[in-house]
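Enquirer: Have a look at the structure that comes next, please.
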Amino acid sequence: MSGLLGFTPLRAMALPPAQKVVVVTFGGGARDEETFAIEGQQYIPHLLNDLIPQSTFFTQVVNRGILGHYVATASLATGAYETFNNFAPVAPHSPTIFEYFRHDLRRPARDAWVIAPSNGFNRIGESDNKLYGGGLGAYVVLPKQLLNTALGGRPSDYEHLLRDNYESPVQVPLSSNRVDLHDLAKLMQLSVTDFLAHAKTVSSPDELSIYIAQRVMEQLAPSLLWVTLHDIDIAHSGAFSLYTDAIRRSDRLCAELWTAIQSNPEYRGRTSMFILPDFGRDSDTDAGGNGFQHHRTGDPLSRTTWMMVMGPGIRENVTVNRAIESVDLVPTLGSILKCNTRFASGRPLPEVL
Amino acid sequence: MSLPSLRNADFSTYPPEARKVATEHLSLLQQLPPAFAGVLLREVVSYDWRFPAEKAEVDGQLRFLGSLTADKLQSMMAGFAALHLPLSLEGQRWGADPIMFTEKLTAHLWANHEVDHFRAAAEAYQHELRLAVPEEMPSIPRLCVVVVGKGASPGQVKMFQKLRAHGTYFTQVKPANGLESLFAFVNARAQAHPSPYAHWYLDGGVASPEASSQLTTVSYVALDPVREALLRKVDSMKSSGGIVGPEDLRSLLAQLHPGQLGAAETPHDAILSHFQLDLLTEGSGTQIFSTTFVQWAAREVLRRAKPLTLMIRYSPRQMQRPMNEMLAATNHPVEYDPAGSLVDADMGAFYTWINLMRLSGSDKASFIAWFEDQKEAIAITPTMAQGAISTTTCEISQILDW
């Protein structure tokens with residue numbers, strides 16, 4: 001009798017389905033002045049008005065590592081400060097969250113995806129750590145390379161999508177560890193013609209990335225999806241208007257992605273989304289730098305950014321002012337996804353757990 | 001790890017004046033930690049092409065360091081001496097190529113989480129240096145004039161937002177003869193206070209004929225041949241496959257000389273030729289966007305030449321295109337972006353003011369920015385009210401006189 005009474009089928013039915021996580025990083029670095037500071041709020045209406053009210057917001061996320069976009073994004077993905085040459089085509093040395101997740105939960109490759117800028121981020125999905133690595137990483141999609149492949153190198157109407165940031169034309173290209181066009185087309189049930197047709201309707205590389213992200217969500221619904229936006233890095237060219245245009249675009253795309261999550265039954269009500277720039281940019285007042293243009297001084301502003309977290313169980317409209325580190329992201333994701341991020345140096349963030 | 005001690009032979013490839021400075025101070029340089037000496041030698045190696053203010057700065061530093069007792073020097077250098085040096089430099093004659101040395105050192109400091117220690121040591125040293133060797137005060141209060149927005153429509157951008165708190169914002173300036181008035185004013189200053197590299201005019205397009213020959217003039221269009229030659233050089237470096245990332249490229253560009261780009265290395269002004277090349281090789285984006293070029297050039301003129309007068313004028317930059325296309329030296333017709341350029345220039349004006357404020361005598365300096373051919377201007381001077389808005393109709397020349 002007691003055994004029967006102890007059986008509670010309704011509660012079992014109410015158990016939440018497995019958690020999903022979407023991470024959006026701005027690989028380009030954005031300063032508070034152009035985002036959440038008073039003068040910057042004009043550039044982020046969606047983050048400010050639509051997403052902040054639904055999120056727990058960390059105001060001080062400190063990156064103590066190397067302030068280069070690939071190495072910093074790799075550090076975000078491993079939870080440990082990587083120290084390799086930012087411009088070298090190498091894999092992270094510590095295991096990535098994708099590997100922890102797939103290894104511990106025995107998940108197939110199609111359950112972890114990365115959509116990243118084409119140059120330099122090829123190896124972001126999988127470390128060279130001997131205990132992990134070796135096929136345990138994420139699928140990595142490089143939208144601009146896909147587009148290039150689809151076009152077969154022909155001159156086209158897509159040049160606006162193929163533009164690189166200021167630094168990438170001298171980046172070493174590498175073509176391994178990524179999904180090629182035919183794999184992707186097969187996995188996403190997307191024809192090259194459809195891909196090209198849609199690409200024609202978007203106006204920047206980041207828009208193309210978000211389009212791919214949405215297709216991946218619709219077709220494959222991975223539990224772990226990581227999108228790195230990179231349009232903001234045009235700031236290195238020194239044109240303030242292009243930098244702020246890119247911030248506006250990132251703002252809109254984040255809101256679009258959250259809307260897509262809410263309208264997808266596979267994701268709605270079971271997805272946590274994390275949004276954060278990889279780091280800041282130099283302060284206007286540091287004589288060693290040139291303001292927003294770079295992130296070379298290592299001054300506090302260039303090392304400090306913010307993070308917004310939203311999803312089921314995460315408190316809404318809450319601000320956390322204590323300083324955390326960017327390497328805290330992976331242990332936090334590990335706690336949510338129930339995997340052991342044992343080589344990460346950061347700590348889980350109790351405010352969102 | 002320790003590096004080989006400096007010796008005179010390390011300076012054998014330095015240009016004549018630089019070699020003389022380095023050899024005269026060899027014993028001092030030998031006492032300095034390489035992390036500091038390398039940075040100092042980076043300044044020394046280009047001594048021959050430095051502006052008078054920069055030469056005075058190097059001389060002042062060497063005098064200051066030479067005047068310290070051994071104990072004081074050691075304690076001042078302790079922060080630099082504690083830094084770990086890259087193993088890749090072991091056994092190398094690092095003093096012979098301080099540019100390459102400092103590039104490698106920088107990468108190493110970042111990778112080893114020591115860049116913050118370097119910053120702290122550098123700031124502490126700078127503080128001591130300034131206490132002992134105060135910056136020279138300008139002979140007359142400095143003046144900076146920034147003209148923005150050529151070809152842009154008014155009403156699209158809330159102008160001078162970041163500057164308004166510091167000065168008076170004018171909303172009813174009569175645009176007629178504005179540019180002529182500004183040139184007349186800066187020309188007169190150059191005429192009255194002649195001094196090498198003390199009065200400058202930078203233009204993002206074609207230099208105005210209104211500028212007098214006493215102004216040191218740099219224009220983006222006049223540098224087209226150098227810029228295009230540089231882009232071709234970058235292209236060939238990329239094609240050769242020997243470059244891993246922009247840092248590598250920057251290191252290689254830093255070693256170029258005007259003659260290597262087929263540029264007319266004006267015999268009577270090698271200093272200016274080198275400076276112009278530096279603007280294109282050290283400034284990111286200066287090769288493709290005229291707005292970036294003007295902002296960076298203004299920063300470098302203020303930082304390096306420490307002028308009495310600086311007038312800068314922005315022109316529209318090209319529209320954004322694929323980066324590879326912009327970096328290719330082609331003769332394709334260019335489409336311009338005056339609206340975006342106005343935003344760039346507005347921020348550039350703010351940065352120019354910040355850089356002006358870093359110089360000696362900043363409390364007496366004057367700064368004026370004007371939206372070309374429009375009614376908006378801002379003036380930040382010792383006599384102007386801060387955070388004020390003037391709706392009085394006035395001429396540019398009146399603002400200059402107030």
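Please note that chains go A, B, ... in the order of the structure tokens, that every chain numbers its residues from 1, and that ligands are numbered from 1 in the order shown.
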Hey, what does DSSP flag as strand (DSSP E) within stretch 208-260 of chain B? Can you give it to me as a PyMOL selection string?
Expert: chain B and resi 216-219
Enquirer: Write the residues of the selection above to a file with N, CA and C atoms, as a compact mmCIF listing (two decimals), in the first residue's frame.
Expert:
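Writing done, so here's part22.txt:
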```txt
# COMPACT_ATOMS: atom_id res chain seq x y z
N THR B 216 52.37 72.67 -40.92
CA THR B 216 52.80 71.34 -41.37
C THR B 216 51.53 70.62 -41.80
N THR B 217 51.44 70.32 -43.08
CA THR B 217 50.17 69.82 -43.62
C THR B 217 50.27 68.36 -44.03
N VAL B 218 49.25 67.61 -43.64
CA VAL B 218 49.14 66.20 -44.06
C VAL B 218 47.72 66.01 -44.57
N SER B 219 47.59 65.51 -45.80
CA SER B 219 46.25 65.23 -46.29
C SER B 219 46.15 63.80 -46.78
```
Enquirer: Within 7 Å of chain A, which residues of chain B show up? Give each one with its shortest atom-to-atom distance in Å (one decimal) and the two atoms involved, counting only C-alpha atoms, rows by chain then rising residue number, as a tab-separated table.
Expert:
```
residue	atom	partner	partner_atom	distance
B:Trp110	CA	A:Ile66	CA	5.7
B:Ala111	CA	A:Thr83	CA	4.9
B:His113	CA	A:Gly65	CA	6.8
B:Asp116	CA	A:Gly298	CA	6.9
B:Lys238	CA	A:Val170	CA	6.3
B:Ile243	CA	A:Val170	CA	6.9
B:Val244	CA	A:Val172	CA	6.0
B:Gly245	CA	A:Gln171	CA	4.7
B:Pro246	CA	A:Glu167	CA	5.9
B:Ser284	CA	A:Ser237	CA	5.7
B:Gly285	CA	A:Ser237	CA	4.0
B:Thr292	CA	A:Gly238	CA	5.2
B:Arg321	CA	A:His160	CA	6.8
B:Pro322	CA	A:Arg163	CA	3.8
B:Met323	CA	A:Arg163	CA	5.4
B:Asn324	CA	A:Pro169	CA	6.4
B:Gly340	CA	A:Ser241	CA	5.4
B:Val343	CA	A:Ser241	CA	5.5
B:Asp344	CA	A:Phe240	CA	4.9
B:Met347	CA	A:Phe240	CA	6.9
```
Enquirer: Got time to write the residues from that selection, all heavy atoms, as a short mmCIF file (atom, residue, chain, number, x, y, z; two decimals), in the first residue's frame?
Expert:
```
data_model
loop_
_atom_site.label_atom_id
_atom_site.label_comp_id
_atom_site.auth_asym_id
_atom_site.auth_seq_id
_atom_site.Cartn_x
_atom_site.Cartn_y
_atom_site.Cartn_z
N TRP B 110 51.26 39.07 -22.27
CA TRP B 110 49.84 38.74 -22.30
C TRP B 110 49.64 37.26 -22.00
O TRP B 110 48.80 36.89 -21.18
CB TRP B 110 49.24 39.05 -23.68
CG TRP B 110 48.82 40.48 -23.83
CD1 TRP B 110 49.51 41.48 -24.44
CD2 TRP B 110 47.61 41.08 -23.35
NE1 TRP B 110 48.80 42.66 -24.39
CE2 TRP B 110 47.63 42.44 -23.73
CE3 TRP B 110 46.50 40.60 -22.66
CZ2 TRP B 110 46.59 43.31 -23.43
CZ3 TRP B 110 45.46 41.47 -22.36
CH2 TRP B 110 45.52 42.82 -22.74
N ALA B 111 50.43 36.42 -22.66
CA ALA B 111 50.23 34.98 -22.51
C ALA B 111 50.54 34.52 -21.09
O ALA B 111 49.98 33.54 -20.63
CB ALA B 111 51.10 34.22 -23.50
N HIS B 113 50.10 36.35 -18.33
CA HIS B 113 49.33 37.13 -17.35
C HIS B 113 50.21 38.15 -16.62
O HIS B 113 50.02 38.41 -15.44
CB HIS B 113 48.64 36.22 -16.33
CG HIS B 113 47.71 35.22 -16.96
ND1 HIS B 113 46.40 35.50 -17.26
CD2 HIS B 113 47.92 33.97 -17.39
CE1 HIS B 113 45.84 34.46 -17.83
NE2 HIS B 113 46.75 33.51 -17.93
N ASP B 116 49.55 43.10 -16.73
CA ASP B 116 49.10 44.04 -15.69
C ASP B 116 50.29 44.49 -14.82
O ASP B 116 50.34 45.64 -14.38
CB ASP B 116 48.02 43.40 -14.81
CG ASP B 116 46.72 43.21 -15.58
OD1 ASP B 116 46.57 43.83 -16.65
OD2 ASP B 116 45.86 42.44 -15.12
N LYS B 238 50.71 39.03 -47.55
CA LYS B 238 49.67 38.03 -47.30
C LYS B 238 49.86 36.85 -48.24
O LYS B 238 49.78 35.69 -47.83
CB LYS B 238 48.29 38.65 -47.55
CG LYS B 238 47.72 39.38 -46.35
CD LYS B 238 46.55 40.25 -46.73
CE LYS B 238 45.44 39.51 -47.45
NZ LYS B 238 44.42 40.41 -48.00
N ILE B 243 52.80 35.44 -42.91
CA ILE B 243 52.22 36.25 -41.83
C ILE B 243 51.19 35.43 -41.07
O ILE B 243 50.28 34.87 -41.66
CB ILE B 243 51.53 37.50 -42.41
CG1 ILE B 243 52.53 38.34 -43.18
CG2 ILE B 243 50.88 38.31 -41.33
CD1 ILE B 243 51.88 39.46 -43.94
N VAL B 244 51.35 35.38 -39.76
CA VAL B 244 50.35 34.72 -38.93
C VAL B 244 49.66 35.81 -38.11
O VAL B 244 50.10 36.16 -37.03
CB VAL B 244 50.98 33.67 -38.00
CG1 VAL B 244 49.91 33.00 -37.16
CG2 VAL B 244 51.75 32.65 -38.80
N GLY B 245 48.59 36.35 -38.65
CA GLY B 245 47.81 37.32 -37.89
C GLY B 245 48.29 38.74 -38.03
O GLY B 245 49.39 39.02 -38.49
N PRO B 246 47.42 39.67 -37.58
CA PRO B 246 47.72 41.09 -37.72
C PRO B 246 48.93 41.55 -36.92
O PRO B 246 49.55 42.54 -37.27
CB PRO B 246 46.43 41.76 -37.24
CG PRO B 246 45.66 40.73 -36.55
CD PRO B 246 46.09 39.40 -37.06
N SER B 284 45.57 51.30 -37.17
CA SER B 284 44.61 50.36 -37.76
C SER B 284 43.50 51.15 -38.45
O SER B 284 42.94 52.07 -37.87
CB SER B 284 43.97 49.50 -36.68
OG SER B 284 44.94 48.74 -36.03
N GLY B 285 43.18 50.76 -39.65
CA GLY B 285 42.07 51.38 -40.37
C GLY B 285 42.44 52.66 -41.10
O GLY B 285 41.65 53.15 -41.92
N THR B 292 39.16 57.54 -39.93
CA THR B 292 40.09 56.92 -38.99
C THR B 292 41.47 57.55 -39.11
O THR B 292 42.15 57.81 -38.11
CB THR B 292 40.18 55.40 -39.27
OG1 THR B 292 38.87 54.84 -39.19
CG2 THR B 292 41.09 54.71 -38.28
N ARG B 321 32.83 48.14 -47.33
CA ARG B 321 32.79 47.08 -48.36
C ARG B 321 33.49 45.86 -47.78
O ARG B 321 34.06 45.93 -46.70
CB ARG B 321 33.53 47.55 -49.63
CG ARG B 321 32.84 48.71 -50.35
CD ARG B 321 33.60 49.08 -51.61
NE ARG B 321 34.87 49.74 -51.30
CZ ARG B 321 35.99 49.56 -52.01
NH1 ARG B 321 36.01 48.73 -53.03
NH2 ARG B 321 37.10 50.21 -51.68
N PRO B 322 33.48 44.73 -48.48
CA PRO B 322 34.24 43.59 -47.97
C PRO B 322 35.67 43.99 -47.68
O PRO B 322 36.30 44.71 -48.47
CB PRO B 322 34.17 42.58 -49.12
CG PRO B 322 32.92 42.93 -49.83
CD PRO B 322 32.78 44.42 -49.73
N MET B 323 36.19 43.54 -46.54
CA MET B 323 37.50 44.01 -46.09
C MET B 323 38.60 43.73 -47.11
O MET B 323 39.46 44.57 -47.36
CB MET B 323 37.83 43.38 -44.74
CG MET B 323 38.95 44.05 -43.99
SD MET B 323 38.68 45.82 -43.68
CE MET B 323 37.38 45.77 -42.45
N ASN B 324 38.55 42.55 -47.69
CA ASN B 324 39.59 42.23 -48.67
C ASN B 324 39.56 43.20 -49.85
O ASN B 324 40.59 43.53 -50.41
CB ASN B 324 39.42 40.80 -49.18
CG ASN B 324 40.06 39.81 -48.22
OD1 ASN B 324 41.12 40.09 -47.66
ND2 ASN B 324 39.39 38.69 -48.00
N GLY B 340 27.63 58.38 -41.98
CA GLY B 340 28.46 57.58 -41.07
C GLY B 340 29.72 58.34 -40.70
O GLY B 340 30.18 58.28 -39.55
N VAL B 343 29.28 60.69 -37.81
CA VAL B 343 29.31 60.00 -36.51
C VAL B 343 30.77 59.71 -36.12
O VAL B 343 31.18 59.93 -34.98
CB VAL B 343 28.49 58.70 -36.57
CG1 VAL B 343 28.62 57.91 -35.26
CG2 VAL B 343 27.03 59.00 -36.88
N ASP B 344 31.53 59.21 -37.07
CA ASP B 344 32.95 58.93 -36.81
C ASP B 344 33.68 60.19 -36.36
O ASP B 344 34.46 60.18 -35.41
CB ASP B 344 33.66 58.43 -38.09
CG ASP B 344 33.08 57.14 -38.62
OD1 ASP B 344 32.27 56.50 -37.94
OD2 ASP B 344 33.45 56.77 -39.77
N MET B 347 32.86 61.49 -32.83
CA MET B 347 33.63 60.74 -31.81
C MET B 347 35.11 61.14 -31.89
O MET B 347 35.78 61.28 -30.87
CB MET B 347 33.46 59.24 -32.05
CG MET B 347 34.00 58.37 -30.93
SD MET B 347 33.10 58.67 -29.39
CE MET B 347 33.67 57.31 -28.40
#
```
Enquirer: Can you list every residue in stretch 53-296 of chain B that DSSP puts in helix (DSSP H, G or I), as an mmCIF file with C-alpha atoms, in the first residue's frame?
Expert:
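Final output, states-v3.cif:
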```
data_model
loop_
_atom_site.group_PDB
_atom_site.id
_atom_site.type_symbol
_atom_site.label_atom_id
_atom_site.label_comp_id
_atom_site.auth_asym_id
_atom_site.auth_seq_id
_atom_site.Cartn_x
_atom_site.Cartn_y
_atom_site.Cartn_z
ATOM 1 C CA ALA B 53 59.444 67.321 -28.646
ATOM 2 C CA GLU B 54 60.094 63.590 -28.852
ATOM 3 C CA LYS B 55 63.849 64.012 -28.922
ATOM 4 C CA ALA B 56 63.610 66.206 -25.849
ATOM 5 C CA GLU B 57 61.535 63.502 -24.179
ATOM 6 C CA VAL B 58 64.119 60.780 -24.897
ATOM 7 C CA ASP B 59 66.972 63.039 -23.838
ATOM 8 C CA GLY B 60 65.120 63.963 -20.650
ATOM 9 C CA GLN B 61 64.498 60.321 -19.763
ATOM 10 C CA LEU B 62 68.123 59.368 -20.305
ATOM 11 C CA ARG B 63 69.272 62.324 -18.212
ATOM 12 C CA PHE B 64 66.840 61.427 -15.464
ATOM 13 C CA LEU B 65 67.852 57.766 -15.393
ATOM 14 C CA GLY B 66 71.523 58.701 -15.524
ATOM 15 C CA SER B 67 71.126 60.993 -12.540
ATOM 16 C CA ALA B 70 72.426 52.711 -8.378
ATOM 17 C CA ASP B 71 70.066 51.865 -5.512
ATOM 18 C CA LYS B 72 67.379 54.269 -6.677
ATOM 19 C CA LEU B 73 67.655 53.016 -10.242
ATOM 20 C CA GLN B 74 67.368 49.452 -9.071
ATOM 21 C CA SER B 75 64.302 50.108 -6.965
ATOM 22 C CA MET B 76 62.645 52.080 -9.758
ATOM 23 C CA MET B 77 63.295 49.253 -12.193
ATOM 24 C CA ALA B 78 62.287 46.465 -9.816
ATOM 25 C CA GLY B 79 58.857 46.018 -11.406
ATOM 26 C CA PHE B 80 60.380 45.585 -14.861
ATOM 27 C CA ALA B 81 63.181 43.351 -13.599
ATOM 28 C CA LEU B 87 62.512 31.917 -23.869
ATOM 29 C CA SER B 88 62.390 32.451 -27.609
ATOM 30 C CA LEU B 89 64.709 35.435 -27.126
ATOM 31 C CA TRP B 94 67.726 41.875 -28.675
ATOM 32 C CA GLY B 95 69.132 45.405 -28.597
ATOM 33 C CA ALA B 96 69.758 45.282 -32.331
ATOM 34 C CA PRO B 98 64.070 46.625 -30.284
ATOM 35 C CA ILE B 99 60.890 46.715 -32.366
ATOM 36 C CA MET B 100 60.810 42.963 -32.792
ATOM 37 C CA PHE B 101 61.890 42.519 -29.183
ATOM 38 C CA THR B 102 59.055 44.593 -27.777
ATOM 39 C CA GLU B 103 56.499 42.870 -30.033
ATOM 40 C CA LYS B 104 57.602 39.466 -28.723
ATOM 41 C CA LEU B 105 57.750 40.747 -25.183
ATOM 42 C CA THR B 106 54.206 42.102 -25.416
ATOM 43 C CA ALA B 107 52.814 38.796 -26.670
ATOM 44 C CA HIS B 108 54.703 36.988 -23.936
ATOM 45 C CA LEU B 109 53.427 39.283 -21.190
ATOM 46 C CA TRP B 110 49.838 38.738 -22.305
ATOM 47 C CA ALA B 111 50.230 34.979 -22.509
ATOM 48 C CA VAL B 115 50.771 42.508 -18.738
ATOM 49 C CA ASP B 116 49.105 44.036 -15.685
ATOM 50 C CA HIS B 117 52.433 43.953 -13.825
ATOM 51 C CA PHE B 118 54.078 45.687 -16.762
ATOM 52 C CA ARG B 119 51.352 48.339 -16.770
ATOM 53 C CA ALA B 120 51.781 48.939 -13.058
ATOM 54 C CA ALA B 121 55.556 49.223 -13.388
ATOM 55 C CA ALA B 122 55.227 51.585 -16.355
ATOM 56 C CA GLU B 123 52.722 53.810 -14.575
ATOM 57 C CA ALA B 124 54.910 54.006 -11.472
ATOM 58 C CA TYR B 125 57.937 54.899 -13.582
ATOM 59 C CA GLN B 126 55.994 57.528 -15.529
ATOM 60 C CA HIS B 127 54.866 59.081 -12.265
ATOM 61 C CA GLU B 128 58.439 59.324 -10.971
ATOM 62 C CA LEU B 129 59.664 60.669 -14.298
ATOM 63 C CA ARG B 130 57.039 63.404 -14.389
ATOM 64 C CA LEU B 131 57.847 64.465 -10.842
ATOM 65 C CA ALA B 132 61.514 64.762 -11.696
ATOM 66 C CA ARG B 164 28.996 69.508 -24.251
ATOM 67 C CA ALA B 165 29.552 69.096 -20.519
ATOM 68 C CA HIS B 166 33.008 70.629 -20.899
ATOM 69 C CA GLY B 178 33.512 79.771 -41.346
ATOM 70 C CA LEU B 179 36.338 77.765 -42.821
ATOM 71 C CA GLU B 180 38.133 80.877 -44.058
ATOM 72 C CA SER B 181 37.924 82.416 -40.586
ATOM 73 C CA LEU B 182 39.387 79.328 -38.989
ATOM 74 C CA PHE B 183 42.260 79.168 -41.445
ATOM 75 C CA ALA B 184 42.956 82.859 -41.048
ATOM 76 C CA PHE B 185 43.185 82.373 -37.308
ATOM 77 C CA VAL B 186 45.510 79.353 -37.337
ATOM 78 C CA ASN B 187 47.629 80.838 -40.129
ATOM 79 C CA ALA B 188 48.136 83.944 -38.019
ATOM 80 C CA ARG B 189 49.233 81.866 -35.037
ATOM 81 C CA ALA B 190 51.748 79.995 -37.175
ATOM 82 C CA GLN B 191 53.019 83.290 -38.537
ATOM 83 C CA ALA B 192 53.349 84.873 -35.115
ATOM 84 C CA ASP B 224 47.180 58.130 -51.865
ATOM 85 C CA PRO B 225 50.328 56.891 -53.655
ATOM 86 C CA VAL B 226 51.946 55.816 -50.378
ATOM 87 C CA ARG B 227 48.709 54.280 -49.156
ATOM 88 C CA GLU B 228 48.217 52.316 -52.335
ATOM 89 C CA ALA B 229 51.827 51.150 -52.373
ATOM 90 C CA LEU B 230 51.419 50.033 -48.790
ATOM 91 C CA LEU B 231 48.250 48.094 -49.609
ATOM 92 C CA ARG B 232 50.071 46.357 -52.441
ATOM 93 C CA LYS B 233 52.871 45.516 -50.031
ATOM 94 C CA VAL B 234 50.390 44.078 -47.525
ATOM 95 C CA ASP B 235 48.818 42.052 -50.287
ATOM 96 C CA SER B 236 52.148 40.581 -51.317
ATOM 97 C CA MET B 237 53.005 39.826 -47.664
ATOM 98 C CA LYS B 238 49.673 38.033 -47.304
ATOM 99 C CA SER B 239 50.224 36.090 -50.517
ATOM 100 C CA SER B 240 53.682 35.014 -49.430
ATOM 101 C CA GLY B 245 47.813 37.317 -37.894
ATOM 102 C CA PRO B 246 47.718 41.086 -37.721
ATOM 103 C CA GLU B 247 50.405 41.259 -35.057
ATOM 104 C CA ASP B 248 52.908 39.710 -37.432
ATOM 105 C CA LEU B 249 51.801 42.107 -40.107
ATOM 106 C CA ARG B 250 52.147 45.071 -37.785
ATOM 107 C CA SER B 251 55.668 44.024 -36.840
ATOM 108 C CA LEU B 252 56.673 43.828 -40.472
ATOM 109 C CA LEU B 253 55.033 47.122 -41.368
ATOM 110 C CA ALA B 254 56.754 48.834 -38.445
ATOM 111 C CA PRO B 258 59.316 55.523 -46.953
ATOM 112 C CA GLY B 259 61.726 54.607 -49.711
ATOM 113 C CA GLN B 260 60.550 51.002 -49.701
ATOM 114 C CA LEU B 261 57.111 52.113 -50.807
ATOM 115 C CA PRO B 267 64.972 64.963 -48.648
ATOM 116 C CA HIS B 268 64.372 68.166 -46.766
ATOM 117 C CA ASP B 269 61.769 66.611 -44.499
ATOM 118 C CA ALA B 270 62.540 62.992 -43.756
ATOM 119 C CA ILE B 271 60.907 63.439 -40.362
ATOM 120 C CA LEU B 272 57.546 64.219 -41.912
ATOM 121 C CA SER B 273 57.878 61.389 -44.451
ATOM 122 C CA HIS B 274 58.504 58.900 -41.681
ATOM 123 C CA PHE B 275 55.676 60.300 -39.611
ATOM 124 C CA GLN B 276 53.255 59.977 -42.510
ATOM 125 C CA LEU B 277 54.322 56.402 -43.087
ATOM 126 C CA ASP B 278 53.917 55.664 -39.380
ATOM 127 C CA LEU B 279 50.332 56.900 -39.587
ATOM 128 C CA LEU B 280 49.618 54.312 -42.245
ATOM 129 C CA THR B 281 51.609 51.437 -40.770
ATOM 130 C CA GLU B 282 50.850 51.838 -37.081
ATOM 131 C CA SER B 290 39.825 58.699 -44.074
ATOM 132 C CA THR B 291 37.929 59.399 -40.847
ATOM 133 C CA THR B 292 40.088 56.917 -38.987
ATOM 134 C CA PHE B 293 43.169 58.408 -40.585
ATOM 135 C CA VAL B 294 42.321 61.918 -39.404
ATOM 136 C CA GLN B 295 41.465 60.826 -35.870
ATOM 137 C CA TRP B 296 44.618 58.755 -35.561
#
```
Enquirer: What is the atom CA of A:Ser272 to atom CA of A:Pro348 distance in Å?
Expert: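 Atom-to-atom, atom CA of A:Ser272 and atom CA of A:Pro348 are spaced 14.6 Å apart.
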Enquirer: Please measure the separation of atom CA of A:Ala260 and atom CA of A:Ser326, giving the value in Å to one decimal.
Expert: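 Going from atom CA of A:Ala260 over to atom CA of A:Ser326 covers 25.9 Å.
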Enquirer: In Å to one decimal, how far is atom CA of B:Val147 from atom CA of B:Trp200?
Expert: 13.7 Å
Enquirer: Rank A:Met273, A:Ile212, A:Val309, A:Ala323 by their smallest atom-to-atom distance to A:Gln189, using only C-alpha atoms, and report the top residue only.
Expert: A:Ile212
Enquirer: Please list as a PyMOL selection string every residue within 12 Å of B:Asn355, counting only C-alpha atoms and excluding residues in the same chain fewer than 3 positions away.
Expert: (chain A and resi 284-291) or (chain B and resi 142+144+295-304+306-307+310+348-352+358-360+362+365+367)
Enquirer: So, with only C-alpha atoms as the atoms that count, which of B:Thr168, B:Gln318, B:Asn177, B:Gly283 lies closest to B:Thr391?
Expert: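 Using only C-alpha atoms, B:Thr391 sits closest to B:Thr168.
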Enquirer: Could you name the residues that touch B:Met384 at 10 Å or less, counting only C-alpha atoms, but leaving out those on the same chain fewer than 5 positions away, as a list in words?
Expert: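 The residues that qualify are His166, Gly167, Thr168, Tyr169, Ser366, Ile378, Ala379, Ile399 and Trp402 of chain B.
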Enquirer: List the spatial neighbours of stretch 35-37 of chain A as a ChimeraX atom specification - criterion: any atom at most 10 Å away, only C-alpha atoms, same-chain residues fewer than 6 positions off excluded.
Expert: /A:43-45,47-48,59,244,247-248,251,305-306
Enquirer: Any chance you could export the current selection's C-alpha atoms as a JSON list (two decimals), in the first residue's frame?
Expert:
```
[["chain", "number", "residue", "atom", "x", "y", "z"],
["A", 43, "TYR", "CA", 22.27, 51.18, -29.25],
["A", 44, "ILE", "CA", 20.64, 48.30, -27.38],
["A", 45, "PRO", "CA", 16.87, 48.90, -27.21],
["A", 47, "LEU", "CA", 18.45, 44.05, -24.72],
["A", 48, "LEU", "CA", 17.38, 46.90, -22.51],
["A", 59, "THR", "CA", 27.21, 43.96, -14.29],
["A", 244, "THR", "CA", 27.72, 51.12, -33.14],
["A", 247, "ILE", "CA", 26.07, 46.73, -31.74],
["A", 248, "ARG", "CA", 22.55, 47.67, -32.84],
["A", 251, "ASP", "CA", 21.07, 43.74, -30.05],
["A", 305, "THR", "CA", 31.97, 43.39, -19.47],
["A", 306, "TRP", "CA", 28.49, 42.14, -18.57]]
```
